[in-house]
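Text of my_file_14.csv, listed as CSV, N, CA and C atoms:
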```csv
chain,number,residue,atom,x,y,z
A,1,MET,N,18.7,143.7,179.8
A,1,MET,CA,19.4,144.5,180.8
A,1,MET,C,18.5,145.5,181.5
A,2,GLY,N,17.2,145.1,181.7
A,2,GLY,CA,16.3,145.9,182.4
A,2,GLY,C,15.7,147.0,181.6
A,3,GLU,N,15.8,147.0,180.3
A,3,GLU,CA,15.3,148.1,179.4
A,3,GLU,C,14.1,147.5,178.6
A,4,ARG,N,13.1,148.4,178.4
A,4,ARG,CA,12.0,148.0,177.6
A,4,ARG,C,11.6,149.1,176.6
A,5,VAL,N,11.6,148.8,175.3
A,5,VAL,CA,11.2,149.7,174.3
A,5,VAL,C,10.1,149.0,173.5
A,6,PRO,N,8.9,149.6,173.3
A,6,PRO,CA,7.8,149.0,172.5
A,6,PRO,C,8.3,148.5,171.2
A,7,GLN,N,7.8,147.4,170.7
A,7,GLN,CA,8.2,146.8,169.5
A,7,GLN,C,8.0,147.7,168.3
A,8,HIS,N,7.0,148.5,168.2
A,8,HIS,CA,6.8,149.4,167.1
A,8,HIS,C,7.9,150.4,167.0
A,9,VAL,N,8.4,150.9,168.2
A,9,VAL,CA,9.4,151.9,168.2
A,9,VAL,C,10.8,151.2,167.8
A,10,GLN,N,11.0,150.0,168.2
A,10,GLN,CA,12.2,149.2,167.8
A,10,GLN,C,12.2,149.1,166.3
A,11,ASN,N,11.0,148.7,165.7
A,11,ASN,CA,11.0,148.5,164.3
A,11,ASN,C,11.2,149.8,163.5
A,12,LEU,N,10.8,151.0,164.0
A,12,LEU,CA,11.0,152.2,163.4
A,12,LEU,C,12.5,152.6,163.4
A,13,VAL,N,13.2,152.3,164.5
A,13,VAL,CA,14.6,152.6,164.6
A,13,VAL,C,15.4,151.7,163.7
A,14,ILE,N,15.0,150.4,163.6
A,14,ILE,CA,15.7,149.4,162.8
A,14,ILE,C,15.5,149.8,161.3
A,15,ARG,N,14.3,150.1,160.9
A,15,ARG,CA,14.0,150.5,159.5
A,15,ARG,C,14.8,151.8,159.1
A,16,ASP,N,14.9,152.7,160.0
A,16,ASP,CA,15.7,153.9,159.8
A,16,ASP,C,17.1,153.6,159.6
A,17,TYR,N,17.7,152.8,160.5
A,17,TYR,CA,19.1,152.3,160.4
A,17,TYR,C,19.3,151.7,159.1
A,18,CYS,N,18.5,150.8,158.7
A,18,CYS,CA,18.7,150.1,157.4
A,18,CYS,C,18.6,151.1,156.2
A,19,GLN,N,17.7,152.0,156.2
A,19,GLN,CA,17.6,153.0,155.2
A,19,GLN,C,18.8,153.9,155.1
A,20,LYS,N,19.3,154.3,156.2
A,20,LYS,CA,20.5,155.2,156.2
A,20,LYS,C,21.7,154.5,155.8
A,21,ASN,N,21.8,153.2,156.0
A,21,ASN,CA,23.0,152.4,155.7
A,21,ASN,C,22.9,151.6,154.4
A,22,GLY,N,21.8,151.8,153.7
A,22,GLY,CA,21.6,151.1,152.4
A,22,GLY,C,21.3,149.6,152.5
A,23,TYR,N,20.7,149.2,153.6
A,23,TYR,CA,20.4,147.8,153.7
A,23,TYR,C,18.9,147.6,153.4
A,24,THR,N,18.6,146.4,152.9
A,24,THR,CA,17.2,146.1,152.6
A,24,THR,C,16.6,145.4,153.8
A,25,TYR,N,15.6,146.1,154.4
A,25,TYR,CA,14.8,145.6,155.5
A,25,TYR,C,13.9,144.5,155.1
A,26,LEU,N,14.1,143.2,155.5
A,26,LEU,CA,13.3,142.1,155.0
A,26,LEU,C,12.1,141.8,155.9
A,27,LEU,N,12.4,141.6,157.1
A,27,LEU,CA,11.4,141.0,158.0
A,27,LEU,C,11.8,141.4,159.5
A,28,SER,N,10.8,141.6,160.3
A,28,SER,CA,10.9,141.9,161.7
A,28,SER,C,10.6,140.6,162.4
A,29,ALA,N,11.5,140.2,163.3
A,29,ALA,CA,11.3,139.0,164.1
A,29,ALA,C,11.2,139.5,165.6
A,30,THR,N,10.1,139.1,166.2
A,30,THR,CA,9.9,139.6,167.6
A,30,THR,C,10.2,138.5,168.6
A,31,GLU,N,11.1,138.8,169.5
A,31,GLU,CA,11.5,137.9,170.6
A,31,GLU,C,10.4,137.8,171.6
A,32,TYR,N,10.2,136.6,172.2
A,32,TYR,CA,9.3,136.5,173.3
A,32,TYR,C,9.8,137.3,174.5
A,33,ALA,N,8.8,137.9,175.2
A,33,ALA,CA,9.1,138.8,176.3
A,33,ALA,C,9.4,138.1,177.6
A,34,MET,N,10.2,137.0,177.6
A,34,MET,CA,10.6,136.3,178.8
A,34,MET,C,12.1,136.6,179.0
A,35,GLU,N,12.4,136.9,180.3
A,35,GLU,CA,13.8,137.2,180.6
A,35,GLU,C,14.7,136.1,180.2
A,36,GLY,N,15.8,136.5,179.5
A,36,GLY,CA,16.8,135.5,179.0
A,36,GLY,C,16.4,134.7,177.8
A,37,CYS,N,15.3,135.0,177.2
A,37,CYS,CA,14.8,134.2,176.1
A,37,CYS,C,15.4,134.7,174.8
A,38,HIS,N,16.0,133.8,174.0
A,38,HIS,CA,16.6,134.2,172.7
A,38,HIS,C,16.2,133.2,171.7
A,39,LEU,N,15.0,132.6,171.8
A,39,LEU,CA,14.5,131.5,170.9
A,39,LEU,C,14.4,132.0,169.5
A,40,ILE,N,13.7,133.2,169.3
A,40,ILE,CA,13.5,133.7,168.0
A,40,ILE,C,14.8,134.2,167.4
A,41,PHE,N,15.6,134.8,168.2
A,41,PHE,CA,17.0,135.2,167.7
A,41,PHE,C,17.8,134.0,167.2
A,42,GLN,N,17.7,132.9,168.0
A,42,GLN,CA,18.4,131.7,167.6
A,42,GLN,C,17.9,131.2,166.3
A,43,GLN,N,16.6,131.2,166.1
A,43,GLN,CA,16.0,130.8,164.8
A,43,GLN,C,16.5,131.6,163.6
A,44,VAL,N,16.6,132.9,163.9
A,44,VAL,CA,17.2,133.8,162.8
A,44,VAL,C,18.6,133.5,162.5
A,45,LEU,N,19.4,133.2,163.6
A,45,LEU,CA,20.8,132.8,163.4
A,45,LEU,C,20.9,131.5,162.7
A,46,ASP,N,20.0,130.6,162.9
A,46,ASP,CA,20.0,129.3,162.2
A,46,ASP,C,19.7,129.4,160.7
A,47,GLU,N,19.1,130.5,160.3
A,47,GLU,CA,18.8,130.8,158.9
A,47,GLU,C,19.7,131.8,158.3
A,48,LEU,N,20.9,132.0,158.9
A,48,LEU,CA,21.8,133.0,158.3
A,48,LEU,C,22.3,132.8,156.9
A,49,HIS,N,22.3,131.5,156.5
A,49,HIS,CA,22.7,131.2,155.2
A,49,HIS,C,21.9,131.9,154.1
A,50,SER,N,20.7,132.2,154.4
A,50,SER,CA,19.8,132.8,153.3
A,50,SER,C,19.8,134.4,153.4
A,51,ILE,N,20.5,135.0,154.3
A,51,ILE,CA,20.5,136.4,154.4
A,51,ILE,C,21.9,137.0,154.6
A,52,ASP,N,22.0,138.3,154.4
A,52,ASP,CA,23.4,138.9,154.5
A,52,ASP,C,23.7,139.2,156.0
A,53,GLY,N,22.7,139.5,156.8
A,53,GLY,CA,23.0,139.9,158.1
A,53,GLY,C,21.8,140.1,158.9
A,54,VAL,N,22.0,140.6,160.1
A,54,VAL,CA,20.9,140.8,161.1
A,54,VAL,C,21.1,142.2,161.7
A,55,VAL,N,19.9,142.9,161.9
A,55,VAL,CA,20.0,144.2,162.6
A,55,VAL,C,19.1,144.0,163.9
A,56,LEU,N,19.8,144.2,165.0
A,56,LEU,CA,19.1,144.3,166.3
A,56,LEU,C,18.8,145.7,166.7
A,57,TYR,N,17.8,145.9,167.5
A,57,TYR,CA,17.6,147.2,168.0
A,57,TYR,C,18.8,147.7,168.8
A,58,SER,N,19.3,146.9,169.7
A,58,SER,CA,20.4,147.3,170.6
A,58,SER,C,21.3,146.1,170.8
A,59,LEU,N,22.6,146.4,171.1
A,59,LEU,CA,23.5,145.3,171.4
A,59,LEU,C,23.1,144.7,172.8
A,60,PHE,N,22.3,145.4,173.6
A,60,PHE,CA,22.0,144.8,174.9
A,60,PHE,C,20.8,143.8,174.7
A,61,GLN,N,20.4,143.4,173.5
A,61,GLN,CA,19.5,142.4,173.3
A,61,GLN,C,20.2,141.0,173.1
A,62,LEU,N,21.6,141.1,173.1
A,62,LEU,CA,22.4,139.9,173.0
A,62,LEU,C,22.2,139.1,174.3
A,63,PRO,N,22.5,137.8,174.3
A,63,PRO,CA,22.5,137.1,175.5
A,63,PRO,C,23.4,137.6,176.6
A,64,MET,N,22.9,137.6,177.9
A,64,MET,CA,23.7,138.1,179.0
A,64,MET,C,24.9,137.2,179.2
A,65,ASN,N,24.8,135.9,179.0
A,65,ASN,CA,25.8,134.9,179.2
A,65,ASN,C,27.0,135.2,178.2
A,66,ASN,N,28.2,135.3,178.7
A,66,ASN,CA,29.4,135.6,177.9
A,66,ASN,C,29.6,134.5,176.8
A,67,GLU,N,29.5,133.3,177.2
A,67,GLU,CA,29.7,132.2,176.3
A,67,GLU,C,28.7,132.2,175.1
A,68,GLN,N,27.4,132.5,175.5
A,68,GLN,CA,26.4,132.5,174.5
A,68,GLN,C,26.6,133.7,173.5
A,69,ARG,N,27.1,134.8,174.1
A,69,ARG,CA,27.4,136.0,173.2
A,69,ARG,C,28.5,135.7,172.3
A,70,ASN,N,29.5,135.0,172.8
A,70,ASN,CA,30.7,134.6,171.9
A,70,ASN,C,30.3,133.7,170.9
A,71,THR,N,29.3,132.8,171.2
A,71,THR,CA,28.8,131.8,170.2
A,71,THR,C,28.2,132.6,169.0
A,72,VAL,N,27.4,133.7,169.4
A,72,VAL,CA,26.7,134.5,168.4
A,72,VAL,C,27.8,135.2,167.5
A,73,TYR,N,28.8,135.8,168.2
A,73,TYR,CA,29.9,136.5,167.4
A,73,TYR,C,30.6,135.5,166.4
A,74,ASN,N,30.9,134.3,167.0
A,74,ASN,CA,31.6,133.4,166.1
A,74,ASN,C,30.8,132.9,164.9
A,75,LYS,N,29.5,132.7,165.2
A,75,LYS,CA,28.7,132.2,164.1
A,75,LYS,C,28.6,133.3,163.0
A,76,ILE,N,28.4,134.5,163.4
A,76,ILE,CA,28.3,135.7,162.4
A,76,ILE,C,29.6,135.7,161.6
A,77,LEU,N,30.7,135.7,162.3
A,77,LEU,CA,32.0,135.9,161.6
A,77,LEU,C,32.4,134.7,160.8
A,78,THR,N,32.1,133.5,161.3
A,78,THR,CA,32.4,132.3,160.5
A,78,THR,C,31.7,132.2,159.2
A,79,LEU,N,30.4,132.7,159.2
A,79,LEU,CA,29.6,132.6,158.0
A,79,LEU,C,29.8,133.9,157.1
A,80,ASN,N,30.7,134.8,157.5
A,80,ASN,CA,30.9,136.0,156.8
A,80,ASN,C,29.7,136.8,156.7
A,81,LYS,N,28.9,136.9,157.7
A,81,LYS,CA,27.7,137.7,157.8
A,81,LYS,C,28.0,139.0,158.6
A,82,SER,N,26.9,139.8,158.9
A,82,SER,CA,27.1,141.0,159.7
A,82,SER,C,26.0,141.0,160.7
A,83,LEU,N,26.3,141.6,161.8
A,83,LEU,CA,25.3,141.9,162.9
A,83,LEU,C,25.4,143.3,163.2
A,84,HIS,N,24.2,144.0,163.2
A,84,HIS,CA,24.2,145.5,163.4
A,84,HIS,C,23.4,145.8,164.6
A,85,PHE,N,23.7,146.9,165.3
A,85,PHE,CA,23.0,147.4,166.4
A,85,PHE,C,22.6,148.8,166.1
A,86,SER,N,21.3,149.0,165.9
A,86,SER,CA,20.8,150.2,165.4
A,86,SER,C,20.9,151.4,166.4
A,87,VAL,N,20.6,151.2,167.6
A,87,VAL,CA,20.7,152.3,168.6
A,87,VAL,C,22.1,152.8,168.7
A,88,GLU,N,23.0,151.8,168.9
A,88,GLU,CA,24.4,152.2,169.1
A,88,GLU,C,25.1,152.6,167.8
A,89,GLY,N,24.6,152.2,166.6
A,89,GLY,CA,25.2,152.6,165.4
A,89,GLY,C,26.5,151.8,165.1
A,90,ILE,N,26.6,150.6,165.6
A,90,ILE,CA,27.8,149.9,165.4
A,90,ILE,C,27.5,148.5,164.8
A,91,SER,N,28.5,147.9,164.2
A,91,SER,CA,28.3,146.6,163.6
A,91,SER,C,29.4,145.6,163.9
A,92,LEU,N,29.0,144.3,163.8
A,92,LEU,CA,30.0,143.2,163.9
A,92,LEU,C,30.2,142.7,162.5
A,93,ILE,N,31.3,143.0,161.9
A,93,ILE,CA,31.7,142.5,160.6
A,93,ILE,C,33.0,141.8,160.6
A,94,HIS,N,33.9,142.3,161.4
A,94,HIS,CA,35.3,141.8,161.5
A,94,HIS,C,35.6,141.3,162.9
A,95,ASP,N,36.6,140.5,163.1
A,95,ASP,CA,37.0,140.0,164.4
A,95,ASP,C,37.2,141.2,165.4
A,96,GLY,N,37.9,142.3,164.9
A,96,GLY,CA,38.2,143.4,165.8
A,96,GLY,C,36.9,144.1,166.4
A,97,ASP,N,35.8,143.9,165.7
A,97,ASP,CA,34.6,144.5,166.2
A,97,ASP,C,34.1,143.9,167.5
A,98,VAL,N,34.4,142.7,167.8
A,98,VAL,CA,34.0,142.0,169.0
A,98,VAL,C,34.5,142.8,170.3
A,99,LYS,N,35.7,143.2,170.2
A,99,LYS,CA,36.3,144.0,171.4
A,99,LYS,C,35.5,145.2,171.7
A,100,ARG,N,35.2,146.0,170.7
A,100,ARG,CA,34.4,147.2,170.9
A,100,ARG,C,33.1,146.9,171.5
A,101,ILE,N,32.4,145.9,170.9
A,101,ILE,CA,31.1,145.5,171.4
A,101,ILE,C,31.2,145.1,172.9
A,102,GLU,N,32.1,144.3,173.2
A,102,GLU,CA,32.3,143.8,174.6
A,102,GLU,C,32.7,144.9,175.5
A,103,ASP,N,33.5,145.8,175.1
A,103,ASP,CA,33.9,147.0,175.9
A,103,ASP,C,32.6,147.7,176.3
A,104,ILE,N,31.7,148.0,175.4
A,104,ILE,CA,30.5,148.7,175.7
A,104,ILE,C,29.6,147.8,176.6
A,105,TRP,N,29.6,146.5,176.4
A,105,TRP,CA,28.8,145.6,177.2
A,105,TRP,C,29.3,145.7,178.6
A,106,GLN,N,30.6,145.6,178.8
A,106,GLN,CA,31.2,145.6,180.2
A,106,GLN,C,30.9,146.9,180.9
A,107,VAL,N,31.0,148.0,180.2
A,107,VAL,CA,30.7,149.3,180.9
A,107,VAL,C,29.3,149.3,181.4
A,108,LYS,N,28.3,148.8,180.5
A,108,LYS,CA,26.9,148.8,180.9
A,108,LYS,C,26.7,147.9,182.1
A,109,GLN,N,27.5,146.8,182.2
A,109,GLN,CA,27.3,145.9,183.4
A,109,GLN,C,27.8,146.5,184.7
A,110,VAL,N,28.9,147.3,184.6
A,110,VAL,CA,29.4,147.9,185.9
A,110,VAL,C,28.8,149.2,186.3
A,111,LEU,N,28.1,149.8,185.4
A,111,LEU,CA,27.5,151.1,185.7
A,111,LEU,C,26.6,151.1,187.0
A,112,PRO,N,25.8,150.1,187.2
A,112,PRO,CA,25.0,150.1,188.5
A,112,PRO,C,25.9,150.0,189.7
A,113,PHE,N,27.1,149.6,189.6
A,113,PHE,CA,28.0,149.5,190.8
A,113,PHE,C,28.9,150.6,190.9
A,114,SER,N,28.8,151.6,190.1
A,114,SER,CA,29.7,152.8,190.2
A,114,SER,C,29.1,153.9,191.0
A,115,TYR,N,29.9,154.6,191.7
A,115,TYR,CA,29.3,155.7,192.5
A,115,TYR,C,30.1,157.0,192.2
A,116,LEU,N,29.4,158.1,192.3
A,116,LEU,CA,30.0,159.4,192.2
A,116,LEU,C,30.3,159.9,193.5
A,117,PHE,N,31.4,160.5,193.7
A,117,PHE,CA,31.8,161.1,195.0
A,117,PHE,C,32.0,162.6,194.8
A,118,ALA,N,31.5,163.4,195.7
A,118,ALA,CA,31.6,164.8,195.6
A,118,ALA,C,32.7,165.3,196.5
```

Once you've parsed the file, please lay out its structure as structure tokens.
Amino acid sequence: MGERVPQHVQNLVIRDYCQKNGYTYLLSATEYAMEGCHLIFQQVLDELHSIDGVVLYSLFQLPMNNEQRNTVYNKILTLNKSLHFSVEGISLIHDGDVKRIEDIWQVKQVLPFSYLFA
């Protein structure tokens, strides 16, 4: 969504999130810097059976496409795994968490179109 944070900063934030929440930080996976690319993230999702969950730097690293995001949510929930967003400090663990994540996502999408009037 037009934001860029250096990888080393993302890793620091993710490590801190894991430490504060009692999660074991196993490995950092770096996505290719092409717009709309989720190849590495998809590989991590394909290997969910061997881990408890995934921590992303931000929920805005999820796919822009609604259907693709819902596929991610469904996979996480179906496999009884968790997906965490370190900057926002929220997690996807239960079905009800999807609404909160999507509400935040929708606000972010409409912000560029909102105007303040004095």

Please extract the residues of chain A with a backbone DSSP assignment of strand (DSSP E) and present them as an mmCIF file with N, CA and C atoms, in the frame of the given file.
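Below you can see states20.cif, which holds the result:
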```cif
data_model
loop_
_atom_site.group_PDB
_atom_site.id
_atom_site.type_symbol
_atom_site.label_atom_id
_atom_site.label_comp_id
_atom_site.auth_asym_id
_atom_site.auth_seq_id
_atom_site.Cartn_x
_atom_site.Cartn_y
_atom_site.Cartn_z
ATOM 1 N N GLY A 53 22.700 139.500 156.800
ATOM 2 C CA GLY A 53 23.000 139.900 158.100
ATOM 3 C C GLY A 53 21.800 140.100 158.900
ATOM 4 N N VAL A 54 22.000 140.600 160.100
ATOM 5 C CA VAL A 54 20.900 140.800 161.100
ATOM 6 C C VAL A 54 21.100 142.200 161.700
ATOM 7 N N VAL A 55 19.900 142.900 161.900
ATOM 8 C CA VAL A 55 20.000 144.200 162.600
ATOM 9 C C VAL A 55 19.100 144.000 163.900
ATOM 10 N N LEU A 56 19.800 144.200 165.000
ATOM 11 C CA LEU A 56 19.100 144.300 166.300
ATOM 12 C C LEU A 56 18.800 145.700 166.700
ATOM 13 N N SER A 82 26.900 139.800 158.900
ATOM 14 C CA SER A 82 27.100 141.000 159.700
ATOM 15 C C SER A 82 26.000 141.000 160.700
ATOM 16 N N LEU A 83 26.300 141.600 161.800
ATOM 17 C CA LEU A 83 25.300 141.900 162.900
ATOM 18 C C LEU A 83 25.400 143.300 163.200
ATOM 19 N N HIS A 84 24.200 144.000 163.200
ATOM 20 C CA HIS A 84 24.200 145.500 163.400
ATOM 21 C C HIS A 84 23.400 145.800 164.600
ATOM 22 N N PHE A 85 23.700 146.900 165.300
ATOM 23 C CA PHE A 85 23.000 147.400 166.400
ATOM 24 C C PHE A 85 22.600 148.800 166.100
ATOM 25 N N ILE A 90 26.600 150.600 165.600
ATOM 26 C CA ILE A 90 27.800 149.900 165.400
ATOM 27 C C ILE A 90 27.500 148.500 164.800
ATOM 28 N N SER A 91 28.500 147.900 164.200
ATOM 29 C CA SER A 91 28.300 146.600 163.600
ATOM 30 C C SER A 91 29.400 145.600 163.900
ATOM 31 N N LEU A 92 29.000 144.300 163.800
ATOM 32 C CA LEU A 92 30.000 143.200 163.900
ATOM 33 C C LEU A 92 30.200 142.700 162.500
#
```

To one decimal place in Å, what is the distance between atom C of Glu88 in chain A and CA of Tyr17 in chain A?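 Separation between atom C of Glu88 in chain A and CA of Tyr17 in chain A: 9.5 Å.
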
Record the distance separating atom C of Leu12 in chain A and atom C of Thr78 in chain A, expressed in Å with one decimal.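 Answer for the atom C of Leu12 in chain A to atom C of Thr78 in chain A separation: 28.3 Å.
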
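Using only N, CA and C atoms, the smallest distance between any of A:Ser86, A:Asn70, A:Asn80, A:Gln43 and Val55 in chain A comes from A:Ser86.
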
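For the choices A:Thr71, A:Ser82, A:Asn11, A:Thr24, the atom-to-atom distance to Leu48 in chain A is smallest for A:Ser82 when using only C-alpha atoms.
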
What does the structure give for the distance between CA of Gly96 in chain A and CA of Leu62 in chain A, in Å to one decimal?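 That distance, rounded to one decimal, is 17.7 Å.
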
Quick one: contact table of range 22-99 of chain A to range 109-115 of chain A, 12 Å max, nearest atom pair and distance in Å to one decimal per residue, counting only C-alpha atoms, chain and number order, as a tab-separated table?
```
residue	atom	partner	partner_atom	distance
A:Phe60	CA	A:Gln109	CA	10.1
A:Met64	CA	A:Gln109	CA	9.7
A:Asn65	CA	A:Gln109	CA	11.9
A:Asn66	CA	A:Gln109	CA	11.9
```

When DSSP works through the backbone of this structure, what residues of chain A end up as alpha helix (DSSP H), shown as an MDAnalysis selection string? chainID A and resid 7:21 39:46 66:78 96:110

Counting only N, CA and C atoms, figure out which residue out of A:Lys20, A:Val54, A:Pro6, A:Leu59 gets nearest to Trp105 in chain A.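 Nearest to Trp105 in chain A: A:Leu59.
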
Would you kindly return, as a list in words, each protein, DNA or RNA residue with an atom no farther than 12 Å from any atom of Asn21 in chain A, considering only C-alpha atoms and excluding same-chain residues fewer than 3 positions away?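 Close residues of Asn21 in chain A: Ile14, Arg15, Asp16, Tyr17, Cys18, Thr24, Tyr25, Val55, His84, Phe85, Ser86, Gly89, Ile90 and Ser91 of chain A.
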
Which of these residues is nearest to Lys75 in chain A, using all atoms listed in the file: A:Ile104, A:Leu45, A:Leu56, A:Val98?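 When distances to Lys75 in chain A are compared using all atoms listed in the file, the smallest one comes from A:Leu45.
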